[in-house]
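Structure file coords.cif; described as mmCIF, C-alpha atoms.
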data_coords
loop_
_atom_site.label_atom_id
_atom_site.label_comp_id
_atom_site.auth_asym_id
_atom_site.auth_seq_id
_atom_site.Cartn_x
_atom_site.Cartn_y
_atom_site.Cartn_z
CA MET O 1 0.00 0.00 0.00
CA ARG O 2 2.85 2.25 0.67
CA SER O 3 3.90 2.37 -3.00
CA GLY O 4 0.29 3.15 -4.03
CA GLY O 5 0.18 6.09 -1.59
CA SER O 6 3.44 7.57 -2.84
CA LEU O 7 2.29 7.09 -6.45
CA LEU O 8 -0.90 8.97 -5.59
CA ALA O 9 1.12 11.75 -3.98
CA LEU O 10 3.38 11.95 -7.05
CA VAL O 11 0.39 12.16 -9.43
CA GLY O 12 -1.17 14.82 -7.23
CA ALA O 13 2.03 16.87 -7.29
CA CYS O 14 2.27 16.57 -11.10
CA VAL O 15 -1.35 17.67 -11.54
CA GLY O 16 -0.78 20.63 -9.23
CA PHE O 17 2.35 21.61 -11.11
CA ALA O 18 0.60 21.28 -14.49
CA CYS O 19 -2.27 23.47 -13.32
CA ALA O 20 0.15 26.11 -12.05
CA CYS O 21 2.02 26.14 -15.37
CA SER O 22 -1.11 26.41 -17.50
CA GLU O 23 -2.47 29.55 -15.80
CA THR O 24 -2.32 32.68 -17.89
CA PRO O 25 0.44 34.95 -16.62
CA ARG O 26 -0.68 38.12 -14.92
CA PRO O 27 1.26 41.34 -15.38
CA ALA O 28 3.20 42.35 -12.34
CA ALA O 29 1.95 45.51 -10.72
CA GLY O 30 4.74 47.94 -10.11
CA PRO O 31 6.41 51.09 -11.29
CA ARG O 32 6.77 49.82 -14.85
CA THR O 33 3.04 49.22 -15.25
CA ALA O 34 2.09 52.42 -13.47
CA GLY O 35 4.42 54.47 -15.67
CA ALA O 36 3.02 52.94 -18.84
CA ALA O 37 -0.50 53.93 -17.85
CA SER O 38 0.50 57.57 -17.53
CA ALA O 39 2.44 57.70 -20.84
CA GLN O 40 1.32 60.27 -23.40
CA PRO O 41 -0.58 58.95 -26.42
CA ALA O 42 1.35 58.92 -29.68
CA ARG O 43 0.91 62.00 -31.84
CA PRO O 44 -0.73 61.48 -35.21
CA ARG O 45 1.81 60.95 -37.96
CA VAL O 46 2.22 63.89 -40.30
CA PRO O 47 2.94 62.98 -43.93
CA MET O 48 6.53 63.79 -44.85
CA TYR O 49 8.37 63.72 -48.15
CA ALA O 50 10.40 60.63 -49.00
CA ALA O 51 14.15 60.78 -48.43
CA ALA O 52 14.86 60.83 -52.19
CA ASP O 53 12.61 63.88 -52.66
CA LEU O 54 14.23 65.67 -49.71
CA GLU O 55 17.65 64.95 -51.23
CA ARG O 56 16.54 66.47 -54.54
CA MET O 57 15.20 69.55 -52.73
CA ALA O 58 18.42 69.95 -50.73
CA ARG O 59 20.56 69.59 -53.84
CA ILE O 60 18.60 72.27 -55.71
CA ALA O 61 18.56 74.59 -52.69
CA ALA O 62 22.31 74.18 -52.19
CA ALA O 63 23.02 74.95 -55.86
CA ARG O 64 20.82 78.05 -55.81
CA CYS O 65 22.40 79.33 -52.60
CA LYS O 66 25.87 78.65 -53.98
CA LYS O 67 25.03 80.88 -56.96
CA ALA O 68 23.91 83.54 -54.49
CA SER O 69 27.29 83.23 -52.67
CA THR O 70 25.63 81.81 -49.53
CA PRO O 71 26.22 78.06 -49.99
CA SER O 72 25.64 76.93 -46.41
CA ASP O 73 23.37 79.69 -45.11
CA ALA O 74 20.41 78.05 -43.37
CA ALA O 75 18.00 80.88 -44.19
CA CYS O 76 18.85 80.72 -47.90
CA LEU O 77 18.61 76.94 -47.97
CA LEU O 78 15.21 76.92 -46.24
CA THR O 79 13.88 79.66 -48.50
CA GLN O 80 14.92 77.74 -51.60
CA ALA O 81 13.67 74.37 -50.32
CA SER O 82 10.35 75.85 -49.18
CA THR O 83 9.49 76.39 -52.83
CA PHE O 84 9.01 72.61 -53.01
CA LEU O 85 8.16 71.77 -49.40
CA ARG O 86 5.03 73.94 -49.47
CA TYR O 87 3.15 71.26 -51.40
CA PRO O 88 1.52 68.77 -48.99
CA PRO O 89 3.00 65.31 -49.61
CA GLY O 90 -0.19 63.60 -48.40
CA ASP O 91 -2.27 64.95 -51.29
CA PRO O 92 -1.58 63.07 -54.55
CA ASP O 93 -2.34 66.07 -56.80
CA CYS O 94 -0.14 68.43 -54.80
CA ARG O 95 2.62 65.83 -54.59
CA TYR O 96 2.49 65.41 -58.38
CA VAL O 97 2.92 69.16 -58.83
CA ALA O 98 5.85 69.12 -56.39
CA GLY O 99 7.49 66.38 -58.48
CA THR O 100 7.03 68.44 -61.63
CA ALA O 101 8.45 71.53 -59.90
CA LEU O 102 11.51 69.50 -58.81
CA SER O 103 12.02 68.18 -62.34
CA VAL O 104 11.74 71.66 -63.85
CA ALA O 105 14.24 73.00 -61.29
CA GLU O 106 16.67 70.15 -61.95
CA CYS O 107 16.45 70.85 -65.67
CA SER O 108 17.10 74.57 -65.28
CA GLN O 109 19.71 74.19 -62.52
CA PHE O 110 21.66 71.13 -63.65
CA GLU O 111 20.40 70.54 -67.20
CA GLU O 112 19.23 67.08 -66.13
CA GLY O 113 16.05 65.39 -67.36
CA CYS O 114 15.19 68.24 -69.70
CA MET O 115 13.88 65.86 -72.38
CA SER O 116 11.16 64.53 -70.06
CA VAL O 117 9.88 67.78 -68.60
CA ASP O 118 8.25 70.86 -69.99
CA PRO O 119 8.17 73.98 -67.80
CA GLY O 120 4.75 74.69 -69.29
CA ASP O 121 3.48 71.52 -67.62
CA LEU O 122 4.07 73.08 -64.22
CA VAL O 123 2.11 76.19 -65.18
CA ARG O 124 -0.78 74.06 -66.53
CA GLN O 125 -0.80 71.88 -63.40
CA LEU O 126 -0.87 74.89 -61.09
CA ASP O 127 -3.68 76.44 -63.17
CA ALA O 128 -5.65 73.19 -63.00
CA LEU O 129 -5.27 73.02 -59.21
CA GLN O 130 -6.37 76.62 -58.86
CA GLY O 131 -9.32 76.03 -61.21
CA ALA O 132 -10.40 73.07 -59.11
CA GLY O 133 -10.19 75.20 -55.96
CA LYS O 134 -7.47 73.01 -54.47
CA ASP O 135 -5.12 74.65 -52.00
CA CYS O 136 -1.62 73.21 -52.16
CA GLN O 137 0.02 75.53 -49.66
CA ARG O 138 1.34 74.50 -46.28
CA GLU O 139 4.20 75.18 -43.92
CA PRO O 140 7.03 72.63 -44.07
CA THR O 141 7.38 70.45 -40.99
CA ASP O 142 10.28 70.92 -38.59
CA ALA O 143 11.53 67.43 -39.49
CA GLU O 144 11.56 68.30 -43.20
CA ARG O 145 13.39 71.56 -42.55
CA ALA O 146 15.98 69.84 -40.37
CA GLU O 147 16.55 67.07 -42.92
CA VAL O 148 16.97 69.50 -45.83
CA LEU O 149 19.45 71.55 -43.81
CA ARG O 150 21.38 68.42 -42.88
CA LEU O 151 21.43 67.13 -46.46
CA ALA O 152 22.45 70.52 -47.88
CA GLY O 153 25.28 70.91 -45.36
CA ALA O 154 24.00 73.98 -43.54
CA LYS O 155 26.17 75.59 -40.89
#
With the file now loaded, output its structure as structure tokens.
Amino acid sequence: MRSGGSLLALVGACVGFACACSETPRPAAGPRTAGAASAQPARPRVPMYAAADLERMARIAAARCKKASTPSDAACLLTQASTFLRYPPGDPDCRYVAGTALSVAECSQFEEGCMSVDPGDLVRQLDALQGAGKDCQREPTDAERAEVLRLAGAK
């Protein structure tokens, strides 16, 4: 009988252990949990231009400021880049116009891509937006400004 009693005790211990392991874990209450509850909600994400577009803007701005004898002046660089950054990247029509404006600027500044762009296209696109009552004006974001300045080598 003794072996039957110890077998019963062993089975009981295994069942108890299995039940303890199968319980869903509960989060520990403590400073980590309390701090997470008081964390600020994430801000909504603001659409920003792609890195390749920001590089194009910075390159054009740097070239224009170099011609004006202020190659690394932050004010000059931001003024020149704002010409393109003013178009909201979240709106497909405005973004398309920004792409055309960049292509026209690259053609006039660097004589690149001139076969695929017509400066008149930009004028027609802007007229079409205005005729449709679409406003494609906005202030560039701080992140866009900072990235253009970094890419253009501002001092």
**OP:** Select, from O:Leu151, O:Ala143, O:Val97, O:Ala51, the residue with the minimum atom-to-atom distance to Asp127 (chain O), counting all atoms listed in the file.
**Re:** O:Val97
Subject >> Å distance separating CA of Glu112 (chain O) from CA of Ala63 (chain O), one decimal place >> reply: 13.5 Å
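Minimum distance to Tyr87 (chain O) across O:Asp73, O:Leu149, O:Ala154, O:Tyr49 (counting all atoms listed in the file) occurs at O:Tyr49.
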Original post:
At what distance in Å, to one decimal, does CA of Ala81 (chain O) lie from CA of Val123 (chain O)?
Top reply: 18.9 Å
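Among the candidate residues O:Cys107, O:Asp53, O:Asp142, O:Arg95, the one lying nearest to Leu129 (chain O) is O:Arg95, with distances computed using all atoms listed in the file.
We find CA of Ala58 (chain O) and CA of Met115 (chain O) to be spaced 22.5 Å apart.
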Subject >> Residues matched by the PyMOL selection byres ((chain O and resi 55) around 12) as a VMD selection string >> reply: chain O and resid 49 to 54 56 to 62 81 84 to 85 102 106 144 to 145 147 to 153
Report the residues retrieved by the PyMOL selection byres ((chain O and resi 121) around 12) from the displayed file, expressed as a compact mmCIF listing (two decimals) with C-alpha atoms, keeping the file's coordinate frame.
# COMPACT_ATOMS: atom_id res chain seq x y z
CA TYR O 96 2.49 65.41 -58.38
CA VAL O 97 2.92 69.16 -58.83
CA ALA O 98 5.85 69.12 -56.39
CA GLY O 99 7.49 66.38 -58.48
CA THR O 100 7.03 68.44 -61.63
CA ALA O 101 8.45 71.53 -59.90
CA SER O 103 12.02 68.18 -62.34
CA VAL O 104 11.74 71.66 -63.85
CA SER O 116 11.16 64.53 -70.06
CA VAL O 117 9.88 67.78 -68.60
CA ASP O 118 8.25 70.86 -69.99
CA PRO O 119 8.17 73.98 -67.80
CA GLY O 120 4.75 74.69 -69.29
CA LEU O 122 4.07 73.08 -64.22
CA VAL O 123 2.11 76.19 -65.18
CA ARG O 124 -0.78 74.06 -66.53
CA GLN O 125 -0.80 71.88 -63.40
CA LEU O 126 -0.87 74.89 -61.09
CA ASP O 127 -3.68 76.44 -63.17
CA ALA O 128 -5.65 73.19 -63.00
Subject >> Arg86 (chain O) environment, 8 Å, only C-alpha atoms, sequence neighbours closer than 2 positions dropped, as a ChimeraX atom specification >> reply: /O:82-84,88,136-140
Write the selection just made, keeping C-alpha atoms, as a compact mmCIF listing (two decimals), in the coordinates of the input?
# COMPACT_ATOMS: atom_id res chain seq x y z
CA SER O 82 10.35 75.85 -49.18
CA THR O 83 9.49 76.39 -52.83
CA PHE O 84 9.01 72.61 -53.01
CA PRO O 88 1.52 68.77 -48.99
CA CYS O 136 -1.62 73.21 -52.16
CA GLN O 137 0.02 75.53 -49.66
CA ARG O 138 1.34 74.50 -46.28
CA GLU O 139 4.20 75.18 -43.92
CA PRO O 140 7.03 72.63 -44.07
